[in-house]
Amino acid sequence: MYRTRTCGELRLSDVNQVVALAGWVQKNRKMGGMSFIDIRDRYGITQLVFNQESNLELCEQANKLGREFVIQVTGTVKERSSKNKNIETGDVEIIVSDLKLLNASEVPPFTIDDETDGGDELRMQYRYLDLRRAVVRKNLELRHKMAFETRRFLDAQNFMEVETPVLIKSTPEGARDFVVPSRMNPGEFYALPQSPQLFKQLLMVSGFDRYFQIAKCFRDEDLRADRQPEFTQIDCEMSFVEQEDVLNIFEGLAKHLFSTIKGVDIQGDFPRMTWADGMKYYGSDKPDIRFEMKFVELKDLTEGKNFVVFDSAEYVGGICAEGCASFTRKQLDELTDFVKRPQIGAKGMVYVRCEADGTYKSSVDKFYSQEDLKAWGERFGAKSGDLILILSGETEKAQKQLCELRLEMGSRLGLRDKNVFAPLWIVDFPLFEWDADSNRFFAMHHPFTSPKPEDIPLLDTAPGKVRANAYDMVINGVELGGGSIRIHDSALQKRMFELLGFTDEQAQYQFGFLMDAFKYGAPPHGGLAFGLDRFVSLFAGLDSIRDCIAFPKNNSGRDVMNDAPSRIDQAQLDELSLVLNLKEQK
Ligand code: ASP
């Protein structure tokens, strides 16, 4: 038997017991005639003691052990004279009577500790060593618990986990597909699923009623902190439901995870906000409502005073930061620089300080009188000591810029505490999104989302105005999940494909099987998917979803540990009937 106990469990109540432990050498130090080794496993760290006087040979053997050597020890648990409050086993140590080296280790490329000297790239290259660090392991433990509790909750609600294929025909979710060539069908390709969307809908046609799957999804898109080319969804679908039923069930799941995993009981229903209000008040379809600072529009109050910037703008609006009138010139300049960054793209920022004496000081004093500024202040409900920040321009752009400014102010003012959770539902998304570049409509969610019944007549006259039965769950400015009530009528689905610019042949070629299935008694259905990686990151307070994925890719989509993607040899290409046409490498 390699071990009788783990390295994380011994306490004072175990004193005088003889135990066997196995694990890695975390630290090895010699002090006079004594040697101390910290032995580590997944469960914790325990101090081992070797005494030169009582067993010289054993002590010398111990002194030779390097970091990350794998050892097995037997010994007696004793109370420590100087206790270590930082580790859970810190009250005890083991007086070792027997030591076995199970495997030696090279010197690791970085220290295996919570604080490490390893840079990002190096840690990813040796991810298996990085995963030995407790801080990283804890994220994966959390992930496991969340997946487990999700299954428990959904199982209790009669959801059935069904696996759907990974080699499929493309499912449009708005990204590029990863494709896999088929050896047995030369010239033909599978796509990897961007989500199990069509399969879960087909399972509803099969009468499965309540489906879920913790499913891998693949999207070939530019990567960001909250995106990986392969990620995991808690994917769900239900039959005979309306939007309200879906929101209730999954609000229940979110609350269950909050209470079982975080010990946070979220009281009351999650607030709901329409997509239109999200844009109007926060410039975002995923507003962070941990703090207020809602947008206020000012266009009508600013007109006709010869300030060309505002007069020529479609939108003038701002936010009011409480108690920030004391911001210095330097701080205001920093904010101006912030909004002018190319990623944000504002031309400038106007500020109004609400002074203690009731007067207003602003960067546009030349154009606007105290009376004018007072009217602005009143619209914001500003008090003495507040600071108003205003942006202007084309409506959608200016709102997005103002959204960034609001979030920046929220961060600067400490209003985005990672331990505070502010969930909400965004509802009533537009069904379509106009793409000026390709001069056509795209489905804002996906092409299987149903329009609100009362908006169906608008499909012919004003498609851009049609609202969808679609919803997103947003927590702290992160879109955690989203879904919709689906179209279950083949004629309406066909109409949808037409509006999206598919010819009959294209629609038939790509989605014929779905439209056929809908001819055989498709029940009304709807569902949603949560991003598991995002959910775990939110709970763990991480800045990137990478940190809760065991083996993530870097920002260029590479696995730097096993060096994927990589070339394949000519024989493999031949077998797949593939000829490469590589542009010359620069
Ligand atoms: N398939 C959708 C997505 O991946 C979720 C859903 O509509 O259920 O976003």
# chains A, B, ... in the order shown; residues from 1 in each chain; ligands from 1
$ residues_around --residues "A:Ser81" --least-positions-apart "4" --cutoff "10 Å" --atoms "only C-alpha atoms" --output "PyMOL selection string"
chain A and resi 91-93
$ select_by_dssp --residues "stretch 51-226 of chain A" --states "strand (DSSP E or B)" --output "PyMOL selection string"
chain A and resi 51+70-79+92-103+160-161+168+176+179-181+189-191+210-218+220
$ residues_near_ligand --ligand "ligand 1" --cutoff "9 Å" --atoms "only C-alpha atoms and all ligand atoms" --output "PyMOL selection string"
chain A and resi 171-173+194-198+200+217+233+235-237+445-446+448-449+470-471+481-486+526-531
$ residues_around --residues "A:Leu192" --least-positions-apart "2" --cutoff "9 Å" --atoms "only C-alpha atoms" --output "ChimeraX atom specification"
/A:165-171,177-180,190,194-195,217-219
$ select_by_dssp --residues "stretch 72-310 of chain A" --states "helix (DSSP H, G or I)" --output "VMD selection string"
chain A and resid 120 to 125 127 to 130 134 to 156 197 to 205 243 to 262 275 to 282 299 to 302 308 to 310
$ atom_distance --atom1 "atom CA of A:Gln47" --atom2 "atom CA of A:Arg3"
15.5 Å
$ residues_around --residues "A:Leu154" --least-positions-apart "5" --cutoff "8 Å" --atoms "only C-alpha atoms" --output "ChimeraX atom specification"
/A:159-160,212,253
$ residues_around --residues "A:Val474" --least-positions-apart "3" --cutoff "9 Å" --atoms "only C-alpha atoms" --output "PDB file with all heavy atoms, in the first residue's frame"
ATOM      1  N   ASP A 285     -25.630  44.996 -24.290  1.00  0.00           N
ATOM      2  CA  ASP A 285     -26.618  43.936 -24.086  1.00  0.00           C
ATOM      3  C   ASP A 285     -26.183  43.030 -22.945  1.00  0.00           C
ATOM      4  O   ASP A 285     -26.776  41.987 -22.710  1.00  0.00           O
ATOM      5  CB  ASP A 285     -26.863  43.147 -25.384  1.00  0.00           C
ATOM      6  CG  ASP A 285     -25.586  42.563 -25.949  1.00  0.00           C
ATOM      7  OD1 ASP A 285     -24.517  42.672 -25.301  1.00  0.00           O
ATOM      8  OD2 ASP A 285     -25.633  41.988 -27.057  1.00  0.00           O
ATOM      9  N   LYS A 286     -25.101  43.411 -22.264  1.00  0.00           N
ATOM     10  CA  LYS A 286     -24.720  42.685 -21.053  1.00  0.00           C
ATOM     11  C   LYS A 286     -24.266  43.669 -19.968  1.00  0.00           C
ATOM     12  O   LYS A 286     -23.101  43.698 -19.574  1.00  0.00           O
ATOM     13  CB  LYS A 286     -23.660  41.630 -21.337  1.00  0.00           C
ATOM     14  CG  LYS A 286     -22.554  42.038 -22.283  1.00  0.00           C
ATOM     15  CD  LYS A 286     -21.582  40.869 -22.389  1.00  0.00           C
ATOM     16  CE  LYS A 286     -20.316  41.239 -23.110  1.00  0.00           C
ATOM     17  NZ  LYS A 286     -20.492  41.540 -24.515  1.00  0.00           N
ATOM     18  N   PRO A 287     -25.214  44.470 -19.505  1.00  0.00           N
ATOM     19  CA  PRO A 287     -24.851  45.526 -18.568  1.00  0.00           C
ATOM     20  C   PRO A 287     -24.394  44.995 -17.207  1.00  0.00           C
ATOM     21  O   PRO A 287     -24.925  44.000 -16.719  1.00  0.00           O
ATOM     22  CB  PRO A 287     -26.150  46.324 -18.412  1.00  0.00           C
ATOM     23  CG  PRO A 287     -27.236  45.418 -18.839  1.00  0.00           C
ATOM     24  CD  PRO A 287     -26.657  44.458 -19.831  1.00  0.00           C
ATOM     25  N   ASP A 288     -23.404  45.656 -16.678  1.00  0.00           N
ATOM     26  CA  ASP A 288     -22.957  45.352 -15.318  1.00  0.00           C
ATOM     27  C   ASP A 288     -23.784  46.220 -14.390  1.00  0.00           C
ATOM     28  O   ASP A 288     -23.580  47.431 -14.313  1.00  0.00           O
ATOM     29  CB  ASP A 288     -21.468  45.695 -15.193  1.00  0.00           C
ATOM     30  CG  ASP A 288     -20.907  45.335 -13.827  1.00  0.00           C
ATOM     31  OD1 ASP A 288     -21.702  45.030 -12.911  1.00  0.00           O
ATOM     32  OD2 ASP A 288     -19.673  45.367 -13.680  1.00  0.00           O
ATOM     33  N   ALA A 422     -24.574  40.511  -9.382  1.00  0.00           N
ATOM     34  CA  ALA A 422     -25.797  41.197  -9.806  1.00  0.00           C
ATOM     35  C   ALA A 422     -26.303  40.574 -11.106  1.00  0.00           C
ATOM     36  O   ALA A 422     -25.940  40.987 -12.204  1.00  0.00           O
ATOM     37  CB  ALA A 422     -25.516  42.679  -9.991  1.00  0.00           C
ATOM     38  N   PRO A 423     -27.137  39.526 -10.971  1.00  0.00           N
ATOM     39  CA  PRO A 423     -27.663  38.861 -12.164  1.00  0.00           C
ATOM     40  C   PRO A 423     -28.878  39.576 -12.747  1.00  0.00           C
ATOM     41  O   PRO A 423     -29.591  40.279 -12.015  1.00  0.00           O
ATOM     42  CB  PRO A 423     -28.081  37.484 -11.640  1.00  0.00           C
ATOM     43  CG  PRO A 423     -28.332  37.663 -10.177  1.00  0.00           C
ATOM     44  CD  PRO A 423     -27.608  38.902  -9.718  1.00  0.00           C
ATOM     45  N   LEU A 424     -29.103  39.403 -14.019  1.00  0.00           N
ATOM     46  CA  LEU A 424     -30.345  39.872 -14.637  1.00  0.00           C
ATOM     47  C   LEU A 424     -30.579  39.108 -15.934  1.00  0.00           C
ATOM     48  O   LEU A 424     -29.666  38.448 -16.447  1.00  0.00           O
ATOM     49  CB  LEU A 424     -30.327  41.379 -14.901  1.00  0.00           C
ATOM     50  CG  LEU A 424     -29.599  41.906 -16.131  1.00  0.00           C
ATOM     51  CD1 LEU A 424     -30.142  43.269 -16.497  1.00  0.00           C
ATOM     52  CD2 LEU A 424     -28.113  42.018 -15.887  1.00  0.00           C
ATOM     53  N   TRP A 425     -31.804  39.186 -16.412  1.00  0.00           N
ATOM     54  CA  TRP A 425     -32.125  38.642 -17.735  1.00  0.00           C
ATOM     55  C   TRP A 425     -32.260  39.804 -18.707  1.00  0.00           C
ATOM     56  O   TRP A 425     -32.910  40.800 -18.393  1.00  0.00           O
ATOM     57  CB  TRP A 425     -33.467  37.908 -17.726  1.00  0.00           C
ATOM     58  CG  TRP A 425     -33.497  36.609 -16.991  1.00  0.00           C
ATOM     59  CD1 TRP A 425     -34.038  36.380 -15.760  1.00  0.00           C
ATOM     60  CD2 TRP A 425     -33.003  35.344 -17.455  1.00  0.00           C
ATOM     61  NE1 TRP A 425     -33.905  35.049 -15.427  1.00  0.00           N
ATOM     62  CE2 TRP A 425     -33.280  34.390 -16.453  1.00  0.00           C
ATOM     63  CE3 TRP A 425     -32.354  34.922 -18.631  1.00  0.00           C
ATOM     64  CZ2 TRP A 425     -32.925  33.050 -16.584  1.00  0.00           C
ATOM     65  CZ3 TRP A 425     -32.005  33.586 -18.747  1.00  0.00           C
ATOM     66  CH2 TRP A 425     -32.284  32.668 -17.740  1.00  0.00           C
ATOM     67  N   ILE A 426     -31.664  39.658 -19.865  1.00  0.00           N
ATOM     68  CA  ILE A 426     -31.934  40.591 -20.960  1.00  0.00           C
ATOM     69  C   ILE A 426     -32.929  39.878 -21.870  1.00  0.00           C
ATOM     70  O   ILE A 426     -32.699  38.724 -22.259  1.00  0.00           O
ATOM     71  CB  ILE A 426     -30.641  40.930 -21.742  1.00  0.00           C
ATOM     72  CG1 ILE A 426     -29.626  41.603 -20.831  1.00  0.00           C
ATOM     73  CG2 ILE A 426     -30.949  41.799 -22.952  1.00  0.00           C
ATOM     74  CD1 ILE A 426     -29.942  43.013 -20.427  1.00  0.00           C
ATOM     75  N   GLY A 477     -21.916  41.904 -15.859  1.00  0.00           N
ATOM     76  CA  GLY A 477     -21.410  42.324 -17.159  1.00  0.00           C
ATOM     77  C   GLY A 477     -20.913  41.178 -18.019  1.00  0.00           C
ATOM     78  O   GLY A 477     -20.333  41.401 -19.079  1.00  0.00           O
ATOM     79  N   VAL A 478     -21.125  39.944 -17.565  1.00  0.00           N
ATOM     80  CA  VAL A 478     -20.701  38.780 -18.351  1.00  0.00           C
ATOM     81  C   VAL A 478     -21.948  38.067 -18.867  1.00  0.00           C
ATOM     82  O   VAL A 478     -22.864  37.794 -18.091  1.00  0.00           O
ATOM     83  CB  VAL A 478     -19.898  37.789 -17.474  1.00  0.00           C
ATOM     84  CG1 VAL A 478     -19.511  36.546 -18.274  1.00  0.00           C
ATOM     85  CG2 VAL A 478     -18.668  38.465 -16.895  1.00  0.00           C
ATOM     86  N   GLU A 479     -21.967  37.785 -20.152  1.00  0.00           N
ATOM     87  CA  GLU A 479     -23.082  37.013 -20.705  1.00  0.00           C
ATOM     88  C   GLU A 479     -22.815  35.547 -20.377  1.00  0.00           C
ATOM     89  O   GLU A 479     -21.946  34.920 -20.948  1.00  0.00           O
ATOM     90  CB  GLU A 479     -23.145  37.222 -22.222  1.00  0.00           C
ATOM     91  CG  GLU A 479     -24.274  36.472 -22.866  1.00  0.00           C
ATOM     92  CD  GLU A 479     -23.996  36.148 -24.324  1.00  0.00           C
ATOM     93  OE1 GLU A 479     -23.415  36.991 -25.032  1.00  0.00           O
ATOM     94  OE2 GLU A 479     -24.349  35.031 -24.732  1.00  0.00           O
ATOM     95  N   LEU A 480     -23.572  35.036 -19.411  1.00  0.00           N
ATOM     96  CA  LEU A 480     -23.299  33.679 -18.942  1.00  0.00           C
ATOM     97  C   LEU A 480     -24.010  32.639 -19.771  1.00  0.00           C
ATOM     98  O   LEU A 480     -23.606  31.482 -19.826  1.00  0.00           O
ATOM     99  CB  LEU A 480     -23.797  33.529 -17.514  1.00  0.00           C
ATOM    100  CG  LEU A 480     -22.832  33.992 -16.473  1.00  0.00           C
ATOM    101  CD1 LEU A 480     -23.347  33.629 -15.127  1.00  0.00           C
ATOM    102  CD2 LEU A 480     -21.478  33.365 -16.681  1.00  0.00           C
ATOM    103  N   GLY A 481     -25.126  33.058 -20.352  1.00  0.00           N
ATOM    104  CA  GLY A 481     -25.860  32.086 -21.129  1.00  0.00           C
ATOM    105  C   GLY A 481     -26.957  32.772 -21.898  1.00  0.00           C
ATOM    106  O   GLY A 481     -27.285  33.929 -21.628  1.00  0.00           O
ATOM    107  N   GLY A 482     -27.496  32.035 -22.859  1.00  0.00           N
ATOM    108  CA  GLY A 482     -28.574  32.625 -23.623  1.00  0.00           C
ATOM    109  C   GLY A 482     -29.309  31.551 -24.372  1.00  0.00           C
ATOM    110  O   GLY A 482     -28.809  30.424 -24.535  1.00  0.00           O
TER     111      GLY A 482
END
$ residues_around --residues "A:Lys100" --least-positions-apart "5" --cutoff "9 Å" --atoms "only C-alpha atoms" --output "VMD selection string"
chain A and resid 70 to 74
$ write_last_selection --atoms "N, CA and C atoms" --output "short mmCIF file (atom, residue, chain, number, x, y, z; two decimals), in the first residue's frame"
data_model
loop_
_atom_site.label_atom_id
_atom_site.label_comp_id
_atom_site.auth_asym_id
_atom_site.auth_seq_id
_atom_site.Cartn_x
_atom_site.Cartn_y
_atom_site.Cartn_z
N VAL A 70 9.32 12.23 -6.25
CA VAL A 70 8.13 11.54 -5.73
C VAL A 70 8.59 10.55 -4.66
N ILE A 71 8.02 10.65 -3.47
CA ILE A 71 8.48 9.80 -2.38
C ILE A 71 7.31 9.16 -1.65
N GLN A 72 7.70 8.13 -0.88
CA GLN A 72 6.73 7.50 0.01
C GLN A 72 7.40 7.42 1.38
N VAL A 73 6.67 7.79 2.42
CA VAL A 73 7.25 7.76 3.76
C VAL A 73 6.31 7.05 4.73
N THR A 74 6.92 6.47 5.76
CA THR A 74 6.14 5.95 6.88
C THR A 74 6.69 6.62 8.12
#
$ residues_around --residues "A:Lys452" --least-positions-apart "4" --cutoff "8 Å" --atoms "only C-alpha atoms" --output "ChimeraX atom specification"
/A:456,466-469
$ closest_residue --among "A:Ile39, A:Arg546, A:Arg567, A:Asp113" --to "A:Leu580" --atoms "only C-alpha atoms"
A:Arg567
$ closest_residue --among "A:Lys361, A:Lys383, A:Ser537, A:Glu396" --to "A:Glu314" --atoms "only C-alpha atoms"
A:Glu396
$ atom_distance --atom1 "atom CA of A:Tyr128" --atom2 "atom CA of A:Ala550"
8.7 Å
$ closest_residue --among "A:Met279, A:Val560, A:Cys324, A:Met34" --to "A:Ala398" --atoms "only C-alpha atoms"
A:Met279
$ atom_distance --atom1 "atom CA of A:Asp337" --atom2 "atom CA of A:Arg406"
14.3 Å
$ closest_residue --among "A:Leu573, A:Asp489, A:Phe307, A:Arg224" --to "A:Ala517" --atoms "only C-alpha atoms"
A:Asp489
$ closest_residue --among "A:Glu53, A:Asp357, A:Asp98, A:Asp365" --to "A:Ser35" --atoms "only C-alpha atoms"
A:Glu53
$ closest_residue --among "A:Ala375, A:Leu402, A:Leu298, A:Leu223" --to "A:Lys347" --atoms "only C-alpha atoms"
A:Leu402
